[in-house]
$ cat query.cif   # mmCIF, C-alpha atoms
data_data
loop_
_atom_site.group_PDB
_atom_site.id
_atom_site.type_symbol
_atom_site.label_atom_id
_atom_site.label_comp_id
_atom_site.auth_asym_id
_atom_site.auth_seq_id
_atom_site.Cartn_x
_atom_site.Cartn_y
_atom_site.Cartn_z
ATOM 1 C CA MET A 1239 19.953 6.576 -34.151
ATOM 2 C CA PHE A 1240 20.834 7.813 -30.691
ATOM 3 C CA SER A 1241 23.869 9.276 -28.966
ATOM 4 C CA GLU A 1242 25.290 8.557 -25.520
ATOM 5 C CA LEU A 1243 25.615 11.386 -22.990
ATOM 6 C CA LYS A 1244 27.432 11.672 -19.672
ATOM 7 C CA PHE A 1245 26.863 14.396 -17.077
ATOM 8 C CA PRO A 1246 29.432 14.876 -14.274
ATOM 9 C CA VAL A 1247 28.110 14.753 -10.701
ATOM 10 C CA PRO A 1248 30.092 14.915 -7.419
ATOM 11 C CA TRP A 1249 30.141 11.099 -7.051
ATOM 12 C CA GLY A 1250 30.787 10.241 -10.710
ATOM 13 C CA HIS A 1251 28.368 10.721 -13.598
ATOM 14 C CA VAL A 1252 24.755 10.400 -14.712
ATOM 15 C CA ALA A 1253 24.471 8.588 -18.031
ATOM 16 C CA ALA A 1254 21.839 9.219 -20.689
ATOM 17 C CA LYS A 1255 21.013 8.596 -24.329
ATOM 18 C CA ALA A 1256 19.520 11.088 -26.758
ATOM 19 C CA TRP A 1257 17.457 11.008 -29.931
ATOM 20 C CA GLY A 1258 16.550 13.777 -32.364
ATOM 21 C CA PRO A 1259 17.876 17.265 -33.119
ATOM 22 C CA SER A 1260 19.468 18.998 -30.132
ATOM 23 C CA GLU A 1261 17.670 22.219 -31.078
ATOM 24 C CA GLY A 1262 14.275 20.463 -30.958
ATOM 25 C CA HIS A 1263 11.703 20.790 -28.193
ATOM 26 C CA PRO A 1264 13.281 19.150 -25.112
ATOM 27 C CA VAL A 1265 11.717 16.033 -23.586
ATOM 28 C CA LEU A 1266 13.339 14.411 -20.556
ATOM 29 C CA CYS A 1267 12.461 10.732 -20.164
ATOM 30 C CA LEU A 1268 12.623 8.953 -16.798
ATOM 31 C CA HIS A 1269 12.659 5.166 -16.431
ATOM 32 C CA GLY A 1270 11.092 2.941 -13.797
ATOM 33 C CA TRP A 1271 12.464 1.313 -10.661
ATOM 34 C CA LEU A 1272 15.410 -1.047 -11.355
ATOM 35 C CA ASP A 1273 15.128 -0.285 -15.100
ATOM 36 C CA ASN A 1274 17.220 2.045 -17.264
ATOM 37 C CA ALA A 1275 17.055 4.426 -20.213
ATOM 38 C CA ASN A 1276 16.627 1.555 -22.690
ATOM 39 C CA THR A 1277 13.003 1.285 -21.568
ATOM 40 C CA PHE A 1278 12.249 4.004 -24.159
ATOM 41 C CA ASP A 1279 14.185 2.391 -27.051
ATOM 42 C CA LYS A 1280 11.118 1.218 -28.965
ATOM 43 C CA LEU A 1281 8.813 4.126 -28.116
ATOM 44 C CA ILE A 1282 10.894 7.200 -28.946
ATOM 45 C CA PRO A 1283 11.489 6.331 -32.634
ATOM 46 C CA LEU A 1284 7.682 6.414 -33.054
ATOM 47 C CA LEU A 1285 7.288 9.906 -31.535
ATOM 48 C CA PRO A 1286 7.537 13.324 -33.288
ATOM 49 C CA ARG A 1287 10.974 13.739 -34.841
ATOM 50 C CA ASP A 1288 11.249 17.458 -34.176
ATOM 51 C CA CYS A 1289 11.732 16.868 -30.431
ATOM 52 C CA TYR A 1290 15.008 16.246 -28.614
ATOM 53 C CA TYR A 1291 14.536 13.268 -26.307
ATOM 54 C CA VAL A 1292 17.001 12.612 -23.495
ATOM 55 C CA ALA A 1293 16.470 9.422 -21.490
ATOM 56 C CA MET A 1294 18.610 9.395 -18.370
ATOM 57 C CA ASP A 1295 19.708 6.584 -16.078
ATOM 58 C CA PHE A 1296 18.953 7.477 -12.474
ATOM 59 C CA SER A 1297 21.890 7.182 -10.087
ATOM 60 C CA GLY A 1298 22.534 3.542 -9.259
ATOM 61 C CA HIS A 1299 20.770 2.378 -12.449
ATOM 62 C CA GLY A 1300 21.927 1.554 -15.963
ATOM 63 C CA LEU A 1301 25.260 3.177 -16.814
ATOM 64 C CA SER A 1302 25.099 5.869 -14.117
ATOM 65 C CA SER A 1303 27.444 5.893 -11.132
ATOM 66 C CA HIS A 1304 26.356 4.461 -7.792
ATOM 67 C CA ARG A 1305 25.940 6.895 -4.925
ATOM 68 C CA PRO A 1306 28.736 6.987 -2.306
ATOM 69 C CA ALA A 1307 28.989 4.274 0.337
ATOM 70 C CA GLY A 1308 26.606 4.813 3.232
ATOM 71 C CA SER A 1309 24.210 6.937 1.174
ATOM 72 C CA PRO A 1310 20.653 5.618 0.766
ATOM 73 C CA TYR A 1311 18.562 6.389 -2.309
ATOM 74 C CA HIS A 1312 15.731 8.801 -1.489
ATOM 75 C CA PHE A 1313 13.124 9.719 -4.074
ATOM 76 C CA LEU A 1314 14.034 13.378 -3.699
ATOM 77 C CA ASP A 1315 17.608 12.431 -4.668
ATOM 78 C CA TYR A 1316 16.208 11.266 -8.001
ATOM 79 C CA VAL A 1317 14.537 14.674 -8.350
ATOM 80 C CA THR A 1318 17.972 16.188 -7.770
ATOM 81 C CA ASP A 1319 19.333 13.966 -10.560
ATOM 82 C CA VAL A 1320 16.737 15.520 -12.865
ATOM 83 C CA CYS A 1321 17.769 19.033 -11.796
ATOM 84 C CA ARG A 1322 21.437 18.254 -12.456
ATOM 85 C CA VAL A 1323 20.738 16.889 -15.942
ATOM 86 C CA ALA A 1324 18.441 19.804 -16.865
ATOM 87 C CA ALA A 1325 21.112 22.261 -15.705
ATOM 88 C CA ALA A 1326 23.831 20.474 -17.673
ATOM 89 C CA LEU A 1327 21.644 20.592 -20.799
ATOM 90 C CA GLN A 1328 20.828 24.259 -20.081
ATOM 91 C CA TRP A 1329 17.131 23.518 -20.360
ATOM 92 C CA ARG A 1330 14.929 26.176 -18.791
ATOM 93 C CA ARG A 1331 11.590 24.611 -19.758
ATOM 94 C CA PHE A 1332 10.861 21.114 -21.010
ATOM 95 C CA THR A 1333 8.430 18.206 -21.140
ATOM 96 C CA LEU A 1334 8.789 15.379 -18.637
ATOM 97 C CA MET A 1335 7.852 11.795 -19.503
ATOM 98 C CA GLY A 1336 8.153 9.139 -16.817
ATOM 99 C CA HIS A 1337 7.338 5.448 -16.622
ATOM 100 C CA SER A 1338 6.357 3.902 -13.278
ATOM 101 C CA MET A 1339 8.841 5.191 -10.655
ATOM 102 C CA GLY A 1340 10.015 7.732 -13.228
ATOM 103 C CA GLY A 1341 6.464 9.055 -13.254
ATOM 104 C CA SER A 1342 6.577 9.499 -9.489
ATOM 105 C CA VAL A 1343 9.816 11.455 -9.802
ATOM 106 C CA ALA A 1344 8.582 13.507 -12.750
ATOM 107 C CA GLY A 1345 5.103 14.006 -11.441
ATOM 108 C CA MET A 1346 3.325 15.178 -8.402
ATOM 109 C CA GLY A 1347 4.511 12.427 -6.084
ATOM 110 C CA SER A 1348 8.062 13.649 -5.591
ATOM 111 C CA LYS A 1349 7.185 17.274 -6.078
ATOM 112 C CA PHE A 1350 9.297 18.198 -9.144
ATOM 113 C CA CYS A 1351 6.251 19.869 -10.707
ATOM 114 C CA PHE A 1352 5.564 21.702 -7.456
ATOM 115 C CA LEU A 1353 9.172 22.572 -6.640
ATOM 116 C CA TYR A 1354 10.001 23.693 -10.200
ATOM 117 C CA PRO A 1355 6.677 24.452 -11.902
ATOM 118 C CA GLU A 1356 8.273 27.039 -14.177
ATOM 119 C CA MET A 1357 10.450 24.332 -15.756
ATOM 120 C CA VAL A 1358 7.701 21.923 -16.871
ATOM 121 C CA ASP A 1359 5.449 22.664 -19.834
ATOM 122 C CA LYS A 1360 3.853 19.207 -20.106
ATOM 123 C CA LEU A 1361 3.885 16.034 -18.054
ATOM 124 C CA ILE A 1362 3.428 12.483 -19.386
ATOM 125 C CA LEU A 1363 2.945 9.668 -16.876
ATOM 126 C CA LEU A 1364 3.101 6.081 -18.126
ATOM 127 C CA GLU A 1365 1.631 3.546 -15.720
ATOM 128 C CA ASN A 1366 1.741 5.982 -12.820
ATOM 129 C CA LEU A 1367 -0.776 8.254 -11.139
ATOM 130 C CA GLY A 1368 1.841 10.809 -10.126
ATOM 131 C CA PHE A 1369 1.565 10.109 -6.414
ATOM 132 C CA LEU A 1370 2.782 7.374 -4.101
ATOM 133 C CA LEU A 1371 -0.031 6.688 -1.682
ATOM 134 C CA ALA A 1372 0.712 6.289 2.007
ATOM 135 C CA PRO A 1373 -0.710 3.239 3.816
ATOM 136 C CA GLU A 1374 -3.974 3.992 5.551
ATOM 137 C CA ASP A 1375 -2.690 2.288 8.696
ATOM 138 C CA THR A 1376 -0.143 4.396 10.638
ATOM 139 C CA GLU A 1377 1.481 1.308 12.141
ATOM 140 C CA GLU A 1378 1.912 -0.146 8.667
ATOM 141 C CA TRP A 1379 3.565 3.092 7.539
ATOM 142 C CA LEU A 1380 5.977 3.040 10.496
ATOM 143 C CA LYS A 1381 6.761 -0.620 9.851
ATOM 144 C CA SER A 1382 7.600 0.101 6.204
ATOM 145 C CA LYS A 1383 9.990 2.921 7.151
ATOM 146 C CA ARG A 1384 11.757 0.786 9.730
ATOM 147 C CA MET A 1385 12.111 -2.002 7.183
ATOM 148 C CA VAL A 1386 13.921 0.341 4.780
ATOM 149 C CA ILE A 1387 16.517 1.200 7.428
ATOM 150 C CA ASP A 1388 16.944 -2.395 8.619
ATOM 151 C CA ARG A 1389 17.408 -3.718 5.081
ATOM 152 C CA LEU A 1390 19.947 -1.038 4.218
ATOM 153 C CA LEU A 1391 22.035 -1.739 7.314
ATOM 154 C CA SER A 1392 21.812 -5.476 6.698
ATOM 155 C CA LEU A 1393 22.965 -5.023 3.113
ATOM 156 C CA GLU A 1394 25.943 -2.939 4.223
ATOM 157 C CA ALA A 1395 26.905 -5.523 6.838
ATOM 158 C CA LYS A 1396 26.878 -8.392 4.336
ATOM 159 C CA GLN A 1397 29.000 -6.549 1.738
ATOM 160 C CA GLN A 1398 27.930 -9.001 -0.932
ATOM 161 C CA THR A 1399 29.586 -8.910 -4.318
ATOM 162 C CA PRO A 1400 27.167 -8.821 -7.263
ATOM 163 C CA LYS A 1401 26.342 -12.278 -8.593
ATOM 164 C CA ALA A 1402 27.546 -13.192 -12.083
ATOM 165 C CA ARG A 1403 25.116 -15.078 -14.347
ATOM 166 C CA SER A 1404 25.135 -16.460 -17.846
ATOM 167 C CA PRO A 1405 23.279 -14.242 -20.358
ATOM 168 C CA GLU A 1406 20.408 -16.720 -20.398
ATOM 169 C CA ALA A 1407 20.195 -16.878 -16.600
ATOM 170 C CA ALA A 1408 20.413 -13.092 -16.273
ATOM 171 C CA LEU A 1409 17.505 -12.648 -18.687
ATOM 172 C CA GLN A 1410 15.494 -15.390 -17.015
ATOM 173 C CA ARG A 1411 15.987 -13.795 -13.598
ATOM 174 C CA LEU A 1412 14.863 -10.429 -14.979
ATOM 175 C CA LEU A 1413 11.729 -11.932 -16.534
ATOM 176 C CA GLU A 1414 10.860 -13.814 -13.353
ATOM 177 C CA ALA A 1415 10.979 -10.556 -11.394
ATOM 178 C CA ASN A 1416 8.984 -8.634 -14.032
ATOM 179 C CA ARG A 1417 6.013 -10.678 -15.200
ATOM 180 C CA HIS A 1418 4.900 -7.792 -17.439
ATOM 181 C CA LEU A 1419 8.113 -7.914 -19.511
ATOM 182 C CA THR A 1420 8.433 -9.856 -22.744
ATOM 183 C CA ALA A 1421 11.676 -11.667 -23.546
ATOM 184 C CA GLU A 1422 12.458 -9.005 -26.159
ATOM 185 C CA GLY A 1423 11.822 -6.186 -23.703
ATOM 186 C CA GLY A 1424 13.918 -7.876 -21.037
ATOM 187 C CA ALA A 1425 16.808 -8.288 -23.466
ATOM 188 C CA ILE A 1426 16.625 -4.569 -24.338
ATOM 189 C CA LEU A 1427 16.802 -3.567 -20.660
ATOM 190 C CA LEU A 1428 19.616 -6.046 -20.047
ATOM 191 C CA GLN A 1429 21.775 -4.461 -22.760
ATOM 192 C CA ARG A 1430 22.164 -1.384 -20.569
ATOM 193 C CA GLY A 1431 21.436 -3.006 -17.237
ATOM 194 C CA ALA A 1432 24.304 -5.498 -17.069
ATOM 195 C CA THR A 1433 28.047 -5.639 -17.697
ATOM 196 C CA GLU A 1434 29.955 -8.598 -19.082
ATOM 197 C CA THR A 1435 32.723 -9.942 -16.827
ATOM 198 C CA PRO A 1436 34.939 -13.038 -17.118
ATOM 199 C CA ALA A 1437 32.525 -14.815 -14.749
ATOM 200 C CA GLY A 1438 29.387 -13.772 -16.647
ATOM 201 C CA LEU A 1439 26.889 -10.911 -16.702
ATOM 202 C CA VAL A 1440 26.600 -8.747 -13.586
ATOM 203 C CA TYR A 1441 23.640 -6.414 -13.080
ATOM 204 C CA ASN A 1442 24.745 -2.764 -13.071
ATOM 205 C CA ARG A 1443 22.203 -1.496 -10.560
ATOM 206 C CA ASP A 1444 23.211 -0.645 -7.031
ATOM 207 C CA MET A 1445 21.611 -3.156 -4.676
ATOM 208 C CA ARG A 1446 20.692 -0.265 -2.361
ATOM 209 C CA VAL A 1447 18.114 1.041 -4.853
ATOM 210 C CA ARG A 1448 15.932 -1.930 -3.915
ATOM 211 C CA MET A 1449 15.201 -0.249 -0.578
ATOM 212 C CA HIS A 1450 12.092 1.851 -1.217
ATOM 213 C CA ASN A 1451 12.497 5.265 0.383
ATOM 214 C CA GLU A 1452 9.686 7.187 -1.203
ATOM 215 C CA VAL A 1453 7.651 10.291 -0.451
ATOM 216 C CA SER A 1454 4.036 9.223 0.099
ATOM 217 C CA PHE A 1455 0.793 11.130 0.600
ATOM 218 C CA THR A 1456 -2.734 10.576 1.808
ATOM 219 C CA VAL A 1457 -5.560 10.984 -0.703
ATOM 220 C CA GLU A 1458 -6.561 14.260 1.002
ATOM 221 C CA GLN A 1459 -3.040 15.638 0.542
ATOM 222 C CA CYS A 1460 -3.042 14.490 -3.078
ATOM 223 C CA VAL A 1461 -6.267 16.358 -3.821
ATOM 224 C CA LYS A 1462 -4.886 19.576 -2.312
ATOM 225 C CA LEU A 1463 -1.717 19.271 -4.371
ATOM 226 C CA LEU A 1464 -3.713 18.484 -7.514
ATOM 227 C CA GLN A 1465 -5.394 21.856 -7.248
ATOM 228 C CA LYS A 1466 -2.014 23.539 -7.744
ATOM 229 C CA ILE A 1467 -1.345 21.958 -11.139
ATOM 230 C CA GLN A 1468 -1.076 24.388 -14.053
ATOM 231 C CA ASP A 1469 0.784 22.387 -16.695
ATOM 232 C CA ARG A 1470 -0.989 19.883 -18.929
ATOM 233 C CA VAL A 1471 -0.802 16.254 -17.868
ATOM 234 C CA LEU A 1472 -1.280 13.029 -19.827
ATOM 235 C CA ILE A 1473 -1.722 9.845 -17.787
ATOM 236 C CA ILE A 1474 -1.682 6.498 -19.608
ATOM 237 C CA LEU A 1475 -2.703 3.409 -17.649
ATOM 238 C CA ALA A 1476 -2.581 -0.145 -18.989
ATOM 239 C CA GLN A 1477 -5.671 -2.310 -18.513
ATOM 240 C CA ASP A 1478 -3.492 -5.180 -17.282
ATOM 241 C CA GLY A 1479 -0.955 -2.939 -15.542
ATOM 242 C CA LEU A 1480 -0.280 -2.068 -11.919
ATOM 243 C CA PHE A 1481 -3.043 0.501 -11.470
ATOM 244 C CA VAL A 1482 -6.143 -1.496 -12.291
ATOM 245 C CA PRO A 1483 -8.164 -0.879 -9.099
ATOM 246 C CA HIS A 1484 -9.580 -4.382 -8.630
ATOM 247 C CA LYS A 1485 -6.077 -5.897 -8.723
ATOM 248 C CA LEU A 1486 -4.539 -3.640 -6.071
ATOM 249 C CA ASP A 1487 -4.254 -4.075 -2.329
ATOM 250 C CA ASN A 1488 -4.758 -0.317 -1.966
ATOM 251 C CA ARG A 1489 -7.556 -0.225 -4.550
ATOM 252 C CA LYS A 1490 -9.678 2.035 -2.324
ATOM 253 C CA LEU A 1491 -6.948 4.695 -2.355
ATOM 254 C CA VAL A 1492 -6.290 4.365 -6.080
ATOM 255 C CA LYS A 1493 -10.015 4.594 -6.865
ATOM 256 C CA ALA A 1494 -10.315 7.756 -4.755
ATOM 257 C CA LEU A 1495 -7.273 9.276 -6.456
ATOM 258 C CA ARG A 1496 -8.594 8.532 -9.938
ATOM 259 C CA GLU A 1497 -11.949 10.065 -8.998
ATOM 260 C CA ALA A 1498 -10.086 13.164 -7.817
ATOM 261 C CA PHE A 1499 -8.379 13.440 -11.201
ATOM 262 C CA GLU A 1500 -11.643 13.118 -13.078
ATOM 263 C CA SER A 1501 -13.636 15.541 -10.929
ATOM 264 C CA THR A 1502 -11.047 18.179 -9.987
ATOM 265 C CA LEU A 1503 -8.834 18.729 -13.005
ATOM 266 C CA LYS A 1504 -10.640 17.865 -16.207
ATOM 267 C CA GLU A 1505 -9.187 20.960 -17.874
ATOM 268 C CA HIS A 1506 -5.596 19.927 -17.131
ATOM 269 C CA ILE A 1507 -5.444 16.141 -16.996
ATOM 270 C CA GLN A 1508 -6.090 13.621 -19.763
ATOM 271 C CA LEU A 1509 -6.468 10.106 -18.354
ATOM 272 C CA VAL A 1510 -6.356 7.299 -20.920
ATOM 273 C CA GLU A 1511 -6.602 3.529 -20.508
ATOM 274 C CA VAL A 1512 -5.005 1.304 -23.141
ATOM 275 C CA PRO A 1513 -4.760 -2.457 -23.629
ATOM 276 C CA GLY A 1514 -1.485 -3.930 -22.421
ATOM 277 C CA SER A 1515 0.656 -4.487 -19.359
ATOM 278 C CA HIS A 1516 2.881 -2.367 -17.112
ATOM 279 C CA PHE A 1517 5.552 -2.262 -19.852
ATOM 280 C CA VAL A 1518 3.143 -1.510 -22.705
ATOM 281 C CA HIS A 1519 5.407 1.332 -23.908
ATOM 282 C CA LEU A 1520 8.237 -1.193 -24.406
ATOM 283 C CA ASN A 1521 6.291 -4.328 -25.350
ATOM 284 C CA GLU A 1522 3.774 -2.669 -27.689
ATOM 285 C CA PRO A 1523 4.871 0.963 -28.197
ATOM 286 C CA GLU A 1524 2.454 1.514 -31.080
ATOM 287 C CA VAL A 1525 -0.426 1.275 -28.582
ATOM 288 C CA VAL A 1526 0.663 4.490 -26.837
ATOM 289 C CA SER A 1527 2.810 6.314 -29.407
ATOM 290 C CA GLY A 1528 -0.096 7.990 -31.196
ATOM 291 C CA ILE A 1529 -1.627 9.252 -27.934
ATOM 292 C CA ILE A 1530 1.716 10.645 -26.772
ATOM 293 C CA SER A 1531 2.492 12.172 -30.178
ATOM 294 C CA ASN A 1532 -0.821 14.026 -30.255
ATOM 295 C CA PHE A 1533 -0.238 15.304 -26.725
ATOM 296 C CA LEU A 1534 3.258 16.539 -27.614
ATOM 297 C CA THR A 1535 2.180 18.328 -30.782
ATOM 298 C CA VAL A 1536 -1.180 19.861 -29.848
ATOM 299 C CA GLN A 1537 -0.748 23.414 -28.582
ATOM 300 C CA ASN A 1538 -3.089 25.364 -26.322
ATOM 301 C CA ALA A 1539 -6.049 23.014 -26.733
ATOM 302 C CA ARG A 1540 -7.367 21.661 -23.466
ATOM 303 C CA PRO A 1541 -7.490 17.853 -23.248
ATOM 304 C CA ARG A 1542 -10.804 16.136 -22.604
ATOM 305 C CA LEU A 1543 -11.448 13.003 -20.563
#
$ encode --input "query.cif" --output "structure tokens"
Amino acid sequence: MFSELKFPVPWGHVAAKAWGPSEGHPVLCLHGWLDNANTFDKLIPLLPRDCYYVAMDFSGHGLSSHRPAGSPYHFLDYVTDVCRVAAALQWRRFTLMGHSMGGSVAGMGSKFCFLYPEMVDKLILLENLGFLLAPEDTEEWLKSKRMVIDRLLSLEAKQQTPKARSPEAALQRLLEANRHLTAEGGAILLQRGATETPAGLVYNRDMRVRMHNEVSFTVEQCVKLLQKIQDRVLIILAQDGLFVPHKLDNRKLVKALREAFESTLKEHIQLVEVPGSHFVHLNEPEVVSGIISNFLTVQNARPRL
């Protein structure tokens, strides 16, 4: 069983759902891009029951309020969402678990662990390496930043109303956009990711969140930041996920980053590969639940690669 939570923010509220005893060890769970807190629905019941798990919806996702008109969604704004929720819960130190984009917000990539190192005791990254890697080509980087601005302004000019779909069409559209999702997993995300209207289901997410506005780093910068890590980190990558080097356009960067993990921080970082896809935690939670449970419960022992 879970309970629904709502945290006031200046533009509305941040929604969340919670499992376990409120006095238990706190674990804040962060979903991926365009997803919502339901991404953890099948995993959390398999994890240690003496923890208090809070899975939040980032602003513009799930049941959380959209940001004010004219405001883009920066990755550091998602970090601020985390700060607001932690403050509302009066958590001074907690474990962070993030899937995909949630891993970038929780982890090294958006600097929560560097900005607030005293608040994080452990870090769990699902299908994320903790950093968003900058394009090697400077012109490509500039082009990507310009595209974010152009798309945002175009979206504002069109002022489109969200499209209503039948439940079947809404699920089909979600599955077409997420080839790693099963029909069951898509239906779980849709429960929190859409609202029923007289015309049909309308996706809850703010269309502006589709404009990537991330903080990215070069491999050299990543290595320097890695050397600052003090908390214990568990990274779980799926063999058929998004970070299999031979399937990536930026495989050279990802390979270099993984080598940096393995050579620089063996005493802090546990890197595990499991069978499955990008949504392995939702599609087949039993594949990762034991690994995560051991990481949450083991105290003081250093992980080994």
$ closest_residue --input "query.cif" --among "A:Val1453, A:Ala1425, A:Glu1378, A:Leu1363" --to "Gln1410 (chain A)" --atoms "only C-alpha atoms"
A:Ala1425
$ closest_residue --input "query.cif" --among "A:Val1265, A:Cys1351, A:Val1252, A:Ile1282" --to "Met1294 (chain A)" --atoms "only C-alpha atoms"
A:Val1252
$ resolve_selection --input "query.cif" --expression "the PyMOL selection byres ((chain A and resi 1523-1535) around 9)" --output "list in words"
Phe1278, Lys1280, Leu1281, Ile1282, Leu1284, Leu1285, Pro1286, Cys1289, Thr1333, Lys1360, Ile1362, Val1471, Leu1472, Ile1474, Val1510, Val1512, Pro1513, Gly1514, Phe1517, Val1518, His1519, Leu1520, Asn1521, Glu1522, Val1536, Gln1537 and Pro1541 of chain A
$ resolve_selection --input "query.cif" --expression "the PyMOL selection byres ((chain A and resi 1300) around 12)" --output "ChimeraX atom specification"
/A:1251-1255,1268-1277,1293-1299,1301-1304,1426-1433,1440-1444,1447
$ resolve_selection --input "query.cif" --expression "the PyMOL selection byres ((chain A and resi 1393-1401) around 9)" --output "list in words"
Ala1307, Gly1308, Asp1388, Arg1389, Leu1390, Leu1391, Ser1392, Ala1402, Arg1403, Gly1438, Leu1439, Val1440, Tyr1441, Asn1442, Met1445 and Arg1446 of chain A
$ atom_distance --input "query.cif" --atom1 "CA of Phe1481 (chain A)" --atom2 "CA of Glu1365 (chain A)"
7.0 Å
$ build_atoms --input "query.cif" --residues "region 1275-1290 of chain A" --atoms "N, CA and C atoms" --output "CSV table (one decimal), in the frame of the given file"
chain,number,residue,atom,x,y,z
A,1275,ALA,N,17.5,3.6,-19.1
A,1275,ALA,CA,17.1,4.4,-20.2
A,1275,ALA,C,16.6,3.6,-21.4
A,1276,ASN,N,17.0,2.4,-21.6
A,1276,ASN,CA,16.6,1.6,-22.7
A,1276,ASN,C,15.1,1.3,-22.7
A,1277,THR,N,14.4,1.5,-21.6
A,1277,THR,CA,13.0,1.3,-21.6
A,1277,THR,C,12.3,2.1,-22.6
A,1278,PHE,N,12.9,3.2,-23.1
A,1278,PHE,CA,12.2,4.0,-24.2
A,1278,PHE,C,12.7,3.7,-25.6
A,1279,ASP,N,13.6,2.7,-25.8
A,1279,ASP,CA,14.2,2.4,-27.1
A,1279,ASP,C,13.2,2.2,-28.2
A,1280,LYS,N,12.1,1.5,-27.9
A,1280,LYS,CA,11.1,1.2,-29.0
A,1280,LYS,C,10.1,2.3,-29.1
A,1281,LEU,N,9.8,3.1,-28.1
A,1281,LEU,CA,8.8,4.1,-28.1
A,1281,LEU,C,9.3,5.4,-28.8
A,1282,ILE,N,10.5,5.9,-28.5
A,1282,ILE,CA,10.9,7.2,-28.9
A,1282,ILE,C,11.0,7.3,-30.5
A,1283,PRO,N,11.5,6.2,-31.2
A,1283,PRO,CA,11.5,6.3,-32.6
A,1283,PRO,C,10.1,6.5,-33.3
A,1284,LEU,N,9.0,6.3,-32.5
A,1284,LEU,CA,7.7,6.4,-33.1
A,1284,LEU,C,7.1,7.8,-32.7
A,1285,LEU,N,7.8,8.6,-32.0
A,1285,LEU,CA,7.3,9.9,-31.5
A,1285,LEU,C,7.7,11.0,-32.5
A,1286,PRO,N,7.2,12.2,-32.4
A,1286,PRO,CA,7.5,13.3,-33.3
A,1286,PRO,C,9.0,13.5,-33.4
A,1287,ARG,N,9.5,13.7,-34.6
A,1287,ARG,CA,11.0,13.7,-34.8
A,1287,ARG,C,11.6,15.1,-34.7
A,1288,ASP,N,10.7,16.1,-34.4
A,1288,ASP,CA,11.2,17.5,-34.2
A,1288,ASP,C,11.5,17.7,-32.7
A,1289,CYS,N,11.4,16.7,-31.9
A,1289,CYS,CA,11.7,16.9,-30.4
A,1289,CYS,C,13.1,16.3,-30.1
A,1290,TYR,N,13.7,16.8,-29.1
A,1290,TYR,CA,15.0,16.2,-28.6
A,1290,TYR,C,14.7,15.5,-27.3
